[in-house]
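Engineer: This structure is in structure tokens; I'll ask about it shortly.
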Amino acid sequence: MSSSEERKLILKSSDNEEFVVKESSAVQCLTIKNLVEDRCVSDPIPLANVDSKILALVIEFMEKHAETTLSNSEKKEFDVEFVKKPFDDLLELILAANYLDFRELMDVLCNTCAKQMENWSVEEVREKFNIQNDYTVEEEKAARAENPWAFE
Amino acid sequence: MQETTRITCSQPTKHAMNVTNFLPFDHKYWKNSDNVCRSKLLIMSLKSSSNLSPPWQVLVLVANHLDPKTLAIASCVCKSWSISMSSDHLWQPICAAQYPSLCTLHAAASAAVSYLKLYTLGYMSEKRRVRKPLKPNLSLQDIFFAIDINNKSSCIATTIKPGCELEVDKNGVFRFDIDVKRDKSVAFDPTDNLRITWNVVMKGFESVFTMMECRGKGNFVLGLQGWFSKELPLPGCCLSGGASGLVADLRLGLRISGGKVVVEKMSVGVLSVVSWRYVWVDDVLRYLQHFLLP
């Protein structure tokens, strides 16, 4: 293998779309790194839990962060723009990052979500996560009364 | 069709993960399981929330990054969230960081106290420590001062001053200068033994508190000021025994008349023996409340 040629991997999303990526970028995902090191790489690598839309985004992030020519502040600027996405997309990205074991992406996404959630009310949390409230009026009052300081 | 399936902790298989209805959440399982099973149970509990909600595993992942307030809000969202968002593994690091001195309480009682509970206690206790006192229920308008000075033979000075007429010190301390009317003041020998009485009376004579009753010559210094002081009692409702740390202070301003002296001014106040400074008006009113209000 000549050193001037970059090794490439093919990743296949759950909806059967294929993406070509540099191995050096892809190994930021420990799941993929482990496959490579254990020489279990099939061609293409099937990622059953990640659809093409999300996989494309992950690859975008992955390649940006693998670029050695970029400074840390440039990468941070990219991150700031990258997370300007609908909340639901961020959650899906978190799942993908977790599945792929992509620590850096996970941290950026989780911190963003946590920051966004900071000033939400209970109702907003329910709305954004699409949760059904199964409390009765009294039960909810009691639940809120357990942590009154959160509602000040 | 959705079926209810009981989860057994020993085999959280992939099949079990696909359960869509897990109701009701059974605490018995929670108590008897280890951390691995617990995280799977956490996931199960979240899964039961709704089929349309975002993937539940993501909550478990994000929860570790949430600040205490958001976590507490999240725990009020629904029943299953209240269990997962109050989990010890989330709250223990938060508690350890913010209230490390309380963490030892976790195992103090025979039943362990949750870290969320400890956090709540820490937060409330911090608030209480810096709490400001309530506004007094008594105001200067409600009271009047009655001050009498007697020597062996007669009353040498007397004054009644309603609280509303008192000139409040510019620093807001409980210290007032009171002029004595000429016709209420009689000349006396400065070496006489005096008896001083200072009463604080509620409007309408509803109650009275004797600030000072003392006898003596006072400390007459050059410049013609007599100085009297008396320690104030501790209100019994707060602490039994011990000193209040407060002193009632009265100074007489005198002028010479013939070979004798006449009281022309009185200065009254309350001093703290700890700082040797005059105490704030509100603090003295809160003190007097104990004795004047029912």
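FYI, nothing fancy with the structure tokens labels: chains A, B, ... in order, residues from 1 per chain, ligands from 1 as they appear.
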How close does each residue of chain B get to chain A, giving the shortest atom pair and distance in Å to one decimal for every residue with an atom at most 9 Å away, counting only C-alpha atoms, sorted by chain and residue number, as JSON lines?
Structural biologist:
```
{"residue": "B:Ser49", "atom": "CA", "partner": "A:Ile131", "partner_atom": "CA", "distance": 6.1}
{"residue": "B:Ser50", "atom": "CA", "partner": "A:Ile131", "partner_atom": "CA", "distance": 6.0}
{"residue": "B:Leu52", "atom": "CA", "partner": "A:Asn130", "partner_atom": "CA", "distance": 6.6}
{"residue": "B:Ser53", "atom": "CA", "partner": "A:Asn130", "partner_atom": "CA", "distance": 4.7}
{"residue": "B:Pro54", "atom": "CA", "partner": "A:Phe129", "partner_atom": "CA", "distance": 6.1}
{"residue": "B:Pro55", "atom": "CA", "partner": "A:Glu92", "partner_atom": "CA", "distance": 7.5}
{"residue": "B:Gln57", "atom": "CA", "partner": "A:Leu95", "partner_atom": "CA", "distance": 7.3}
{"residue": "B:Val58", "atom": "CA", "partner": "A:Leu95", "partner_atom": "CA", "distance": 5.9}
{"residue": "B:Leu59", "atom": "CA", "partner": "A:Leu91", "partner_atom": "CA", "distance": 8.6}
{"residue": "B:Leu61", "atom": "CA", "partner": "A:Cys110", "partner_atom": "CA", "distance": 7.5}
{"residue": "B:Val62", "atom": "CA", "partner": "A:Cys110", "partner_atom": "CA", "distance": 5.4}
{"residue": "B:Ala63", "atom": "CA", "partner": "A:Ala114", "partner_atom": "CA", "distance": 8.0}
{"residue": "B:Asn64", "atom": "CA", "partner": "A:Cys110", "partner_atom": "CA", "distance": 8.6}
{"residue": "B:His65", "atom": "CA", "partner": "A:Ala114", "partner_atom": "CA", "distance": 6.0}
{"residue": "B:Leu66", "atom": "CA", "partner": "A:Ala114", "partner_atom": "CA", "distance": 5.2}
{"residue": "B:Asp67", "atom": "CA", "partner": "A:Glu118", "partner_atom": "CA", "distance": 7.3}
{"residue": "B:Pro68", "atom": "CA", "partner": "A:Ala150", "partner_atom": "CA", "distance": 8.2}
{"residue": "B:Lys69", "atom": "CA", "partner": "A:Ala150", "partner_atom": "CA", "distance": 5.2}
{"residue": "B:Thr70", "atom": "CA", "partner": "A:Glu118", "partner_atom": "CA", "distance": 5.6}
{"residue": "B:Leu71", "atom": "CA", "partner": "A:Ala150", "partner_atom": "CA", "distance": 8.9}
{"residue": "B:Ala72", "atom": "CA", "partner": "A:Ala150", "partner_atom": "CA", "distance": 6.2}
{"residue": "B:Ile73", "atom": "CA", "partner": "A:Val122", "partner_atom": "CA", "distance": 5.6}
{"residue": "B:Ala74", "atom": "CA", "partner": "A:Val122", "partner_atom": "CA", "distance": 6.4}
{"residue": "B:Ser75", "atom": "CA", "partner": "A:Ala143", "partner_atom": "CA", "distance": 8.0}
{"residue": "B:Cys76", "atom": "CA", "partner": "A:Ala143", "partner_atom": "CA", "distance": 5.9}
{"residue": "B:Val77", "atom": "CA", "partner": "A:Val122", "partner_atom": "CA", "distance": 5.8}
{"residue": "B:Cys78", "atom": "CA", "partner": "A:Asn133", "partner_atom": "CA", "distance": 5.1}
{"residue": "B:Lys79", "atom": "CA", "partner": "A:Asp134", "partner_atom": "CA", "distance": 6.5}
{"residue": "B:Ser80", "atom": "CA", "partner": "A:Asp134", "partner_atom": "CA", "distance": 9.0}
{"residue": "B:Ser82", "atom": "CA", "partner": "A:Ala143", "partner_atom": "CA", "distance": 8.0}
{"residue": "B:Leu116", "atom": "CA", "partner": "A:Asn147", "partner_atom": "CA", "distance": 8.8}
{"residue": "B:Lys117", "atom": "CA", "partner": "A:Glu146", "partner_atom": "CA", "distance": 8.4}
{"residue": "B:Thr120", "atom": "CA", "partner": "A:Asn147", "partner_atom": "CA", "distance": 6.5}
{"residue": "B:Tyr123", "atom": "CA", "partner": "A:Trp149", "partner_atom": "CA", "distance": 7.5}
{"residue": "B:Met124", "atom": "CA", "partner": "A:Trp149", "partner_atom": "CA", "distance": 7.6}
```
Engineer: Take the selection from the previous step and output its residues with C-alpha atoms, as a PDB file, in the first residue's frame.
Structural biologist:
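out-v1.pdb was written with the following content:
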```pdb
ATOM      1  CA  SER B  49     -43.489   7.128  27.501  1.00  0.00           C
ATOM      2  CA  SER B  50     -44.667   7.352  23.949  1.00  0.00           C
ATOM      3  CA  LEU B  52     -43.820   9.022  18.851  1.00  0.00           C
ATOM      4  CA  SER B  53     -41.219  10.500  21.135  1.00  0.00           C
ATOM      5  CA  PRO B  54     -37.607  10.691  20.052  1.00  0.00           C
ATOM      6  CA  PRO B  55     -35.531   7.591  20.671  1.00  0.00           C
ATOM      7  CA  GLN B  57     -31.792   6.060  24.606  1.00  0.00           C
ATOM      8  CA  VAL B  58     -30.910   9.636  23.803  1.00  0.00           C
ATOM      9  CA  LEU B  59     -32.383  10.830  27.105  1.00  0.00           C
ATOM     10  CA  LEU B  61     -27.169  10.065  27.090  1.00  0.00           C
ATOM     11  CA  VAL B  62     -28.182  13.710  27.433  1.00  0.00           C
ATOM     12  CA  ALA B  63     -29.182  13.397  31.091  1.00  0.00           C
ATOM     13  CA  ASN B  64     -25.552  13.228  32.171  1.00  0.00           C
ATOM     14  CA  HIS B  65     -24.973  16.680  30.722  1.00  0.00           C
ATOM     15  CA  LEU B  66     -27.976  18.432  32.243  1.00  0.00           C
ATOM     16  CA  ASP B  67     -27.683  21.005  35.005  1.00  0.00           C
ATOM     17  CA  PRO B  68     -29.567  20.326  38.255  1.00  0.00           C
ATOM     18  CA  LYS B  69     -32.440  22.676  37.517  1.00  0.00           C
ATOM     19  CA  THR B  70     -33.127  21.170  34.106  1.00  0.00           C
ATOM     20  CA  LEU B  71     -32.906  17.660  35.531  1.00  0.00           C
ATOM     21  CA  ALA B  72     -35.393  18.548  38.227  1.00  0.00           C
ATOM     22  CA  ILE B  73     -37.764  20.057  35.666  1.00  0.00           C
ATOM     23  CA  ALA B  74     -37.365  16.968  33.511  1.00  0.00           C
ATOM     24  CA  SER B  75     -38.303  14.767  36.436  1.00  0.00           C
ATOM     25  CA  CYS B  76     -41.763  16.379  36.507  1.00  0.00           C
ATOM     26  CA  VAL B  77     -42.542  15.552  32.904  1.00  0.00           C
ATOM     27  CA  CYS B  78     -44.153  12.179  33.461  1.00  0.00           C
ATOM     28  CA  LYS B  79     -43.966   9.193  35.793  1.00  0.00           C
ATOM     29  CA  SER B  80     -41.238   7.274  34.044  1.00  0.00           C
ATOM     30  CA  SER B  82     -39.475  11.151  37.282  1.00  0.00           C
ATOM     31  CA  LEU B 116     -31.575  14.277  44.685  1.00  0.00           C
ATOM     32  CA  LYS B 117     -33.094  14.693  48.113  1.00  0.00           C
ATOM     33  CA  THR B 120     -32.711  19.735  47.573  1.00  0.00           C
ATOM     34  CA  TYR B 123     -30.136  24.156  48.223  1.00  0.00           C
ATOM     35  CA  MET B 124     -32.796  25.008  50.801  1.00  0.00           C
TER      36      MET B 124
END
```
Engineer: Which residues, written as a PyMOL selection string, have at least one atom at most 12 Å from Leu246 in chain B, with only C-alpha atoms counted and residues fewer than 4 positions away on the same chain left out?
Structural biologist: chain B and resi 174+211-212+229-235+242+269-280+283-284+287-288
Engineer: Can those selected residues be exported to a file as a JSON list (two decimals), in the first residue's frame so that it contains C-alpha atoms?
Structural biologist:
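Result written to result02.json:
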```json
[["chain", "number", "residue", "atom", "x", "y", "z"],
["B", 174, "PHE", "CA", -31.47, 53.37, 67.03],
["B", 211, "MET", "CA", -35.81, 49.68, 78.69],
["B", 212, "MET", "CA", -33.93, 50.96, 81.67],
["B", 229, "SER", "CA", -26.53, 52.18, 80.72],
["B", 230, "LYS", "CA", -28.33, 48.94, 81.43],
["B", 231, "GLU", "CA", -28.10, 45.51, 79.89],
["B", 232, "LEU", "CA", -31.26, 44.46, 78.05],
["B", 233, "PRO", "CA", -32.79, 41.04, 78.73],
["B", 234, "LEU", "CA", -32.90, 38.23, 76.22],
["B", 235, "PRO", "CA", -36.40, 37.51, 74.90],
["B", 242, "GLY", "CA", -27.54, 33.87, 78.18],
["B", 269, "GLY", "CA", -30.14, 54.45, 72.15],
["B", 270, "VAL", "CA", -29.42, 50.75, 72.07],
["B", 271, "LEU", "CA", -25.84, 49.53, 71.71],
["B", 272, "SER", "CA", -24.47, 46.15, 70.85],
["B", 273, "VAL", "CA", -21.85, 45.00, 73.34],
["B", 274, "VAL", "CA", -20.26, 42.87, 70.65],
["B", 275, "SER", "CA", -19.48, 45.69, 68.23],
["B", 276, "TRP", "CA", -19.92, 48.64, 70.60],
["B", 277, "ARG", "CA", -21.99, 50.35, 67.97],
["B", 278, "TYR", "CA", -25.57, 51.46, 67.92],
["B", 279, "VAL", "CA", -27.94, 48.85, 66.57],
["B", 280, "TRP", "CA", -30.21, 49.36, 63.53],
["B", 283, "ASP", "CA", -33.27, 45.30, 64.74],
["B", 284, "VAL", "CA", -34.40, 47.09, 67.94],
["B", 287, "TYR", "CA", -36.33, 43.01, 69.65],
["B", 288, "LEU", "CA", -39.11, 45.10, 71.18]]
```
Engineer: To one decimal place in Å, what is the distance between CA of Leu194 in chain B and CA of Ile143 in chain B?
Structural biologist: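 Distance reported for this atom pair: 25.4 Å.
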Engineer: Can you tell me, as a list of chain:residue names, which residues in range 5-143 of chain A count as strand (DSSP E or B) by DSSP?
Structural biologist: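 Checking each residue of range 5-143 of chain A, the strand (DSSP E or B) ones are A:Lys8, A:Leu9, A:Ile10, A:Leu11, A:Lys12, A:Glu18, A:Phe19, A:Val20, A:Val21, A:Lys22, A:Ile45, A:Pro46.
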Engineer: Could you give me, as an NGL selection string, the residues within 10 Å of Ala26 in chain A, counting only C-alpha atoms and dropping anything in the same chain fewer than 6 positions from it?
Structural biologist: :A and (8-11 or 20 or 32-33 or 36 or 58-59 or 62-63 or 66 or 100 or 102)
Engineer: Residues at most 7 Å from Ser207 in chain B, counting only C-alpha atoms, excluding those fewer than 3 positions away in the same chain, as a list in words?
Structural biologist: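 My reading of the contact set: Val201, Met202 and Leu292 of chain B.
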Engineer: Restrict the selected residues to all heavy atoms and save them as a JSON list (two decimals), in the first residue's frame.
Structural biologist:
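Contents of selection36.json, freshly written:
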```json
[["chain", "number", "residue", "atom", "x", "y", "z"],
["B", 201, "VAL", "N", -43.67, 52.46, 75.54],
["B", 201, "VAL", "CA", -45.08, 52.13, 75.72],
["B", 201, "VAL", "C", -45.76, 52.02, 74.36],
["B", 201, "VAL", "O", -45.53, 52.84, 73.47],
["B", 201, "VAL", "CB", -45.78, 53.23, 76.55],
["B", 201, "VAL", "CG1", -47.19, 52.78, 76.93],
["B", 201, "VAL", "CG2", -44.98, 53.57, 77.80],
["B", 202, "MET", "N", -46.61, 51.00, 74.23],
["B", 202, "MET", "CA", -47.41, 50.86, 73.00],
["B", 202, "MET", "C", -48.51, 51.91, 73.01],
["B", 202, "MET", "O", -49.11, 52.17, 74.05],
["B", 202, "MET", "CB", -48.07, 49.48, 72.94],
["B", 202, "MET", "CG", -47.25, 48.42, 72.29],
["B", 202, "MET", "SD", -47.01, 48.69, 70.53],
["B", 202, "MET", "CE", -48.46, 47.88, 69.87],
["B", 292, "LEU", "N", -43.59, 43.69, 73.33],
["B", 292, "LEU", "CA", -44.73, 44.60, 73.21],
["B", 292, "LEU", "C", -45.91, 44.00, 72.47],
["B", 292, "LEU", "O", -47.04, 44.43, 72.64],
["B", 292, "LEU", "CB", -44.29, 45.90, 72.51],
["B", 292, "LEU", "CG", -43.33, 46.78, 73.32],
["B", 292, "LEU", "CD1", -42.91, 47.98, 72.50],
["B", 292, "LEU", "CD2", -43.99, 47.26, 74.62]]
```
Engineer: What residues in chain A get the DSSP label helix (DSSP H, G or I)? Please answer as a PyMOL selection string.
Structural biologist: chain A and resi 23-26+30-37+52-66+72-82+87-100+103-117+122-129+137-146+148-151
Engineer: Pick the closest to Tyr99 in chain A from A:Lys53, A:Glu74, A:Pro44, A:Leu30: which is it, counting only C-alpha atoms?
Structural biologist: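 Going through A:Lys53, A:Glu74, A:Pro44, A:Leu30 one by one, the smallest distance to Tyr99 in chain A is for A:Leu30.
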Engineer: Can you work out the spacing between CA of Val262 in chain B and CA of Lys184 in chain B in Å, to one decimal?
Structural biologist: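 Interatomic distance here is 10.1 Å.
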Engineer: Write out as an NGL selection string each polymer residue whose atoms come within 10 Å of Lys75 in chain A, counting only C-alpha atoms; drop sequence neighbours fewer than 6 positions from it.
Structural biologist: :A and (61 or 64-67)
Engineer: Just the residues within 12 Å of Gly163 in chain B, please, counting only C-alpha atoms, with nothing from its chain fewer than 3 positions along; format it as a list in words.
Structural biologist: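 Listing them by chain and then by number gives Leu138, Ser139, Leu140, Gln141, Asp142, Ile143, Phe144, Phe145, Ala146, Ile160, Leu166, Glu167, Val168, Phe174, Arg175, Phe176, Asp177, Ile178, Val200, Val201, Met202, Lys203, Val281 and Leu285 of chain B.
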Engineer: Those same residues, written as a compact mmCIF listing (two decimals), in the first residue's frame with C-alpha atoms?
Structural biologist:
```
# COMPACT_ATOMS: atom_id res chain seq x y z
CA LEU B 138 -43.72 47.20 65.07
CA SER B 139 -42.93 50.68 63.86
CA LEU B 140 -41.85 53.82 65.64
CA GLN B 141 -45.33 55.22 65.05
CA ASP B 142 -46.78 52.59 67.36
CA ILE B 143 -44.78 53.50 70.43
CA PHE B 144 -43.79 56.38 72.68
CA PHE B 145 -40.91 56.87 75.09
CA ALA B 146 -41.52 57.94 78.65
CA ILE B 160 -42.90 61.88 76.87
CA LEU B 166 -38.41 61.07 66.99
CA GLU B 167 -35.79 62.31 64.60
CA VAL B 168 -34.33 59.26 62.93
CA PHE B 174 -31.47 53.37 67.03
CA ARG B 175 -30.26 56.56 68.65
CA PHE B 176 -32.35 59.60 69.30
CA ASP B 177 -31.79 63.05 70.72
CA ILE B 178 -34.69 64.40 72.72
CA VAL B 200 -41.29 52.15 75.89
CA VAL B 201 -45.08 52.13 75.72
CA MET B 202 -47.41 50.86 73.00
CA LYS B 203 -49.92 53.41 71.73
CA VAL B 281 -33.69 50.70 64.18
CA LEU B 285 -38.01 47.07 66.74
```
